[in-house]
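Only one structure is covered here, and it is reproduced in the block below.
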Amino acid sequence: MNFPTDLKYTRDHEWIRVEGETAYAGITDYAQSELGEIVFVDITAEGETLAKESVFGTIEAVKTVSDLFMPVSGEVLAVNPELEDHPELINEDPYRAGWIIKVKPSDLSETDSLLSADAYQQLIG
């Protein structure tokens, strides 16, 4: 299992990578492995400003559908266009090619309450 140290993690198995004034978010390697084969991603919040922990969409695997939660408050600037035709990118490369949304965080200090790679690894055992 992969836990990049340049990311912050939520207890709901999302990650966030801040790059200047924007951030990318997706689900963790652990989450994609638990879900199994991902077949569809439905993001309903593009262009919206949402609070931390709000639902921004759903992710559908062969056997289940799960909500996706905002790791920080902010505006959803974009959805990864590659996921429309290739949702399996989340299984193949959850931290890079499989990013789900691009966000403009409202308050970057919210990342201080997220988990480090070590803390997330301890959380999932």
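Within each chain, counting starts at residue 1; across the structure tokens, chains are named A, B, ... in the order shown, with ligands numbered 1 upward in that order.
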* **Exercise: A:Arg11 partners within 9 Å, only C-alpha atoms, chain neighbours under 2 positions left out, as a list of chain:residue names** =>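 Contacts, with the query itself left out: A:Tyr9, A:His13, A:Glu14, A:Leu114, A:Leu115, A:Tyr120, A:Leu123, A:Ile124.
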Any chance you can output those residues with N, CA and C atoms as a tab-separated table (two decimals), in the first residue's frame?
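As written to disk, again.tsv reads:
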chain	number	residue	atom	x	y	z
A	9	TYR	N	-4.42	13.43	4.69
A	9	TYR	CA	-5.45	12.41	4.57
A	9	TYR	C	-6.60	12.67	5.54
A	13	HIS	N	-10.91	8.58	4.16
A	13	HIS	CA	-10.07	7.98	3.11
A	13	HIS	C	-9.94	8.83	1.84
A	14	GLU	N	-10.07	10.16	2.00
A	14	GLU	CA	-9.72	11.06	0.92
A	14	GLU	C	-8.32	11.61	1.19
A	114	LEU	N	-5.89	17.61	9.29
A	114	LEU	CA	-5.88	16.34	8.55
A	114	LEU	C	-4.72	15.47	9.00
A	115	LEU	N	-4.75	14.22	8.58
A	115	LEU	CA	-3.75	13.24	9.01
A	115	LEU	C	-2.51	13.26	8.12
A	120	TYR	N	-2.32	8.37	9.05
A	120	TYR	CA	-3.32	7.66	8.25
A	120	TYR	C	-3.02	6.17	8.21
A	123	LEU	N	-4.18	4.69	11.30
A	123	LEU	CA	-5.64	4.64	11.34
A	123	LEU	C	-6.18	3.37	10.67
A	124	ILE	N	-5.62	3.03	9.52
A	124	ILE	CA	-6.16	1.88	8.79
A	124	ILE	C	-5.50	0.56	9.21
* To do: Write down as a ChimeraX atom specification the residues belonging to chain A that are assigned strand (DSSP E) by DSSP computed on the backbone.
  => /A:8-9,14-19,22-27,38-43,49-50,55-61,65-69,74-79,101-105
* To do: Find the spatial neighbours of A:Val41, counting only C-alpha atoms, within a cut-off of 8 Å - ignore same-chain residues fewer than 5 positions away - and output them as an MDAnalysis selection string.
  => chainID A and resid 57:60 83:84 87
* Using only C-alpha atoms, which of the listed residues (A:Leu35, A:Leu50, A:Ala25, A:Ile43) sits closest to A:Ile101? ->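 So, comparing all the options, the nearest one is A:Ala25.
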* From the list A:Asp67, A:Glu110, A:Glu75, A:Asp118, which residue is nearest A:Gly47 when using only C-alpha atoms? ->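 Closest to A:Gly47 of all the choices is A:Glu75.
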* To do: Please provide as a ChimeraX atom specification all residues within 9 Å of A:Asn91, with the sequence filter that same-chain residues fewer than 6 positions apart are discarded (counting only C-alpha atoms).
  => /A:29,32-33,36-38,98
Selection export as a PDB file, in the first residue's frame, atoms kept: N, CA, C and O atoms:
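See selection.pdb below for the written result:
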ATOM      1  N   ASP A  29      -5.211   4.962  -1.758  1.00  0.00           N
ATOM      2  CA  ASP A  29      -4.918   3.626  -2.269  1.00  0.00           C
ATOM      3  C   ASP A  29      -5.713   2.585  -1.476  1.00  0.00           C
ATOM      4  O   ASP A  29      -6.284   1.657  -2.047  1.00  0.00           O
ATOM      5  N   GLN A  32      -9.449   2.738  -2.609  1.00  0.00           N
ATOM      6  CA  GLN A  32      -9.723   2.113  -3.909  1.00  0.00           C
ATOM      7  C   GLN A  32      -9.605   0.604  -3.824  1.00  0.00           C
ATOM      8  O   GLN A  32     -10.346  -0.118  -4.469  1.00  0.00           O
ATOM      9  N   SER A  33      -8.679   0.100  -2.987  1.00  0.00           N
ATOM     10  CA  SER A  33      -8.535  -1.355  -2.864  1.00  0.00           C
ATOM     11  C   SER A  33      -9.737  -1.969  -2.143  1.00  0.00           C
ATOM     12  O   SER A  33     -10.158  -3.074  -2.466  1.00  0.00           O
ATOM     13  N   GLY A  36     -12.763  -1.928  -4.704  1.00  0.00           N
ATOM     14  CA  GLY A  36     -12.648  -2.837  -5.833  1.00  0.00           C
ATOM     15  C   GLY A  36     -12.711  -2.062  -7.142  1.00  0.00           C
ATOM     16  O   GLY A  36     -12.434  -0.866  -7.193  1.00  0.00           O
ATOM     17  N   GLU A  37     -13.106  -2.735  -8.199  1.00  0.00           N
ATOM     18  CA  GLU A  37     -13.090  -2.141  -9.534  1.00  0.00           C
ATOM     19  C   GLU A  37     -14.048  -0.954  -9.631  1.00  0.00           C
ATOM     20  O   GLU A  37     -15.268  -1.100  -9.526  1.00  0.00           O
ATOM     21  N   ILE A  38     -13.492   0.240  -9.842  1.00  0.00           N
ATOM     22  CA  ILE A  38     -14.286   1.455  -9.947  1.00  0.00           C
ATOM     23  C   ILE A  38     -14.801   1.592 -11.375  1.00  0.00           C
ATOM     24  O   ILE A  38     -14.038   1.515 -12.332  1.00  0.00           O
ATOM     25  N   GLY A  98      -5.295   9.530 -11.134  1.00  0.00           N
ATOM     26  CA  GLY A  98      -6.644   9.286 -10.633  1.00  0.00           C
ATOM     27  C   GLY A  98      -7.180  10.344  -9.689  1.00  0.00           C
ATOM     28  O   GLY A  98      -8.124  10.072  -8.943  1.00  0.00           O
TER      29      GLY A  98
END
* To do: Assign secondary structure with DSSP using the backbone only, and return the residues of chain A in alpha helix (DSSP H) as a ChimeraX atom specification.
  => /A:29-35,89-92,117-124
Selected residues written out with N, CA and C atoms, as a PDB file, in the first residue's frame:
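Output contents, as saved in result14.pdb:
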ATOM      1  N   ASP A  29      -5.211   4.962  -1.758  1.00  0.00           N
ATOM      2  CA  ASP A  29      -4.918   3.626  -2.269  1.00  0.00           C
ATOM      3  C   ASP A  29      -5.713   2.585  -1.476  1.00  0.00           C
ATOM      4  N   TYR A  30      -5.768   2.776  -0.162  1.00  0.00           N
ATOM      5  CA  TYR A  30      -6.538   1.870   0.696  1.00  0.00           C
ATOM      6  C   TYR A  30      -8.019   1.865   0.276  1.00  0.00           C
ATOM      7  N   ALA A  31      -8.589   3.073   0.081  1.00  0.00           N
ATOM      8  CA  ALA A  31     -10.008   3.174  -0.271  1.00  0.00           C
ATOM      9  C   ALA A  31     -10.308   2.486  -1.603  1.00  0.00           C
ATOM     10  N   GLN A  32      -9.449   2.738  -2.609  1.00  0.00           N
ATOM     11  CA  GLN A  32      -9.723   2.113  -3.909  1.00  0.00           C
ATOM     12  C   GLN A  32      -9.605   0.604  -3.824  1.00  0.00           C
ATOM     13  N   SER A  33      -8.679   0.100  -2.987  1.00  0.00           N
ATOM     14  CA  SER A  33      -8.535  -1.355  -2.864  1.00  0.00           C
ATOM     15  C   SER A  33      -9.737  -1.969  -2.143  1.00  0.00           C
ATOM     16  N   GLU A  34     -10.298  -1.245  -1.189  1.00  0.00           N
ATOM     17  CA  GLU A  34     -11.483  -1.721  -0.473  1.00  0.00           C
ATOM     18  C   GLU A  34     -12.724  -1.690  -1.377  1.00  0.00           C
ATOM     19  N   LEU A  35     -12.828  -0.672  -2.224  1.00  0.00           N
ATOM     20  CA  LEU A  35     -13.978  -0.563  -3.119  1.00  0.00           C
ATOM     21  C   LEU A  35     -13.952  -1.607  -4.227  1.00  0.00           C
ATOM     22  N   LEU A  89      -8.691   4.689 -13.645  1.00  0.00           N
ATOM     23  CA  LEU A  89      -7.461   5.412 -13.278  1.00  0.00           C
ATOM     24  C   LEU A  89      -7.342   5.551 -11.766  1.00  0.00           C
ATOM     25  N   ILE A  90      -8.484   5.607 -11.080  1.00  0.00           N
ATOM     26  CA  ILE A  90      -8.452   5.697  -9.620  1.00  0.00           C
ATOM     27  C   ILE A  90      -7.865   4.421  -9.027  1.00  0.00           C
ATOM     28  N   ASN A  91      -8.187   3.275  -9.611  1.00  0.00           N
ATOM     29  CA  ASN A  91      -7.591   2.014  -9.147  1.00  0.00           C
ATOM     30  C   ASN A  91      -6.115   1.935  -9.501  1.00  0.00           C
ATOM     31  N   GLU A  92      -5.772   2.394 -10.696  1.00  0.00           N
ATOM     32  CA  GLU A  92      -4.406   2.239 -11.205  1.00  0.00           C
ATOM     33  C   GLU A  92      -3.416   3.234 -10.597  1.00  0.00           C
ATOM     34  N   ALA A 117       0.776  11.084   6.547  1.00  0.00           N
ATOM     35  CA  ALA A 117       0.853   9.725   5.990  1.00  0.00           C
ATOM     36  C   ALA A 117       1.007   8.691   7.099  1.00  0.00           C
ATOM     37  N   ASP A 118       1.856   8.969   8.085  1.00  0.00           N
ATOM     38  CA  ASP A 118       2.060   8.029   9.201  1.00  0.00           C
ATOM     39  C   ASP A 118       0.783   7.847  10.016  1.00  0.00           C
ATOM     40  N   ALA A 119       0.107   8.957  10.318  1.00  0.00           N
ATOM     41  CA  ALA A 119      -1.122   8.878  11.117  1.00  0.00           C
ATOM     42  C   ALA A 119      -2.218   8.139  10.354  1.00  0.00           C
ATOM     43  N   TYR A 120      -2.315   8.368   9.054  1.00  0.00           N
ATOM     44  CA  TYR A 120      -3.321   7.664   8.254  1.00  0.00           C
ATOM     45  C   TYR A 120      -3.018   6.167   8.210  1.00  0.00           C
ATOM     46  N   GLN A 121      -1.760   5.841   8.058  1.00  0.00           N
ATOM     47  CA  GLN A 121      -1.370   4.421   8.026  1.00  0.00           C
ATOM     48  C   GLN A 121      -1.730   3.749   9.344  1.00  0.00           C
ATOM     49  N   GLN A 122      -1.542   4.440  10.458  1.00  0.00           N
ATOM     50  CA  GLN A 122      -1.931   3.889  11.762  1.00  0.00           C
ATOM     51  C   GLN A 122      -3.447   3.723  11.867  1.00  0.00           C
ATOM     52  N   LEU A 123      -4.183   4.691  11.302  1.00  0.00           N
ATOM     53  CA  LEU A 123      -5.644   4.639  11.342  1.00  0.00           C
ATOM     54  C   LEU A 123      -6.181   3.367  10.674  1.00  0.00           C
ATOM     55  N   ILE A 124      -5.625   3.033   9.523  1.00  0.00           N
ATOM     56  CA  ILE A 124      -6.155   1.878   8.794  1.00  0.00           C
ATOM     57  C   ILE A 124      -5.504   0.560   9.213  1.00  0.00           C
TER      58      ILE A 124
END
* **Nearest-residue call for A:Val18, choices A:Val79, A:Ser113, A:His86, A:Val103, using only C-alpha atoms** =>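 For A:Val18, the nearest of the given residues is A:Val103.
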* To do: Mind checking which residues fall within 12 Å of A:Gly20, counting only C-alpha atoms, ignoring those fewer than 5 positions away in the same chain, and posting them as a list of chain:residue names?
  =>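 Near neighbours after the sequence-gap exclusion: A:Val103, A:Lys104, A:Pro105, A:Leu108.
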* What is the distance, in Å and to one decimal place, between atom CA of A:Ala78 and atom CA of A:Ala97? ->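 Between atom CA of A:Ala78 and atom CA of A:Ala97 the gap is 14.2 Å.
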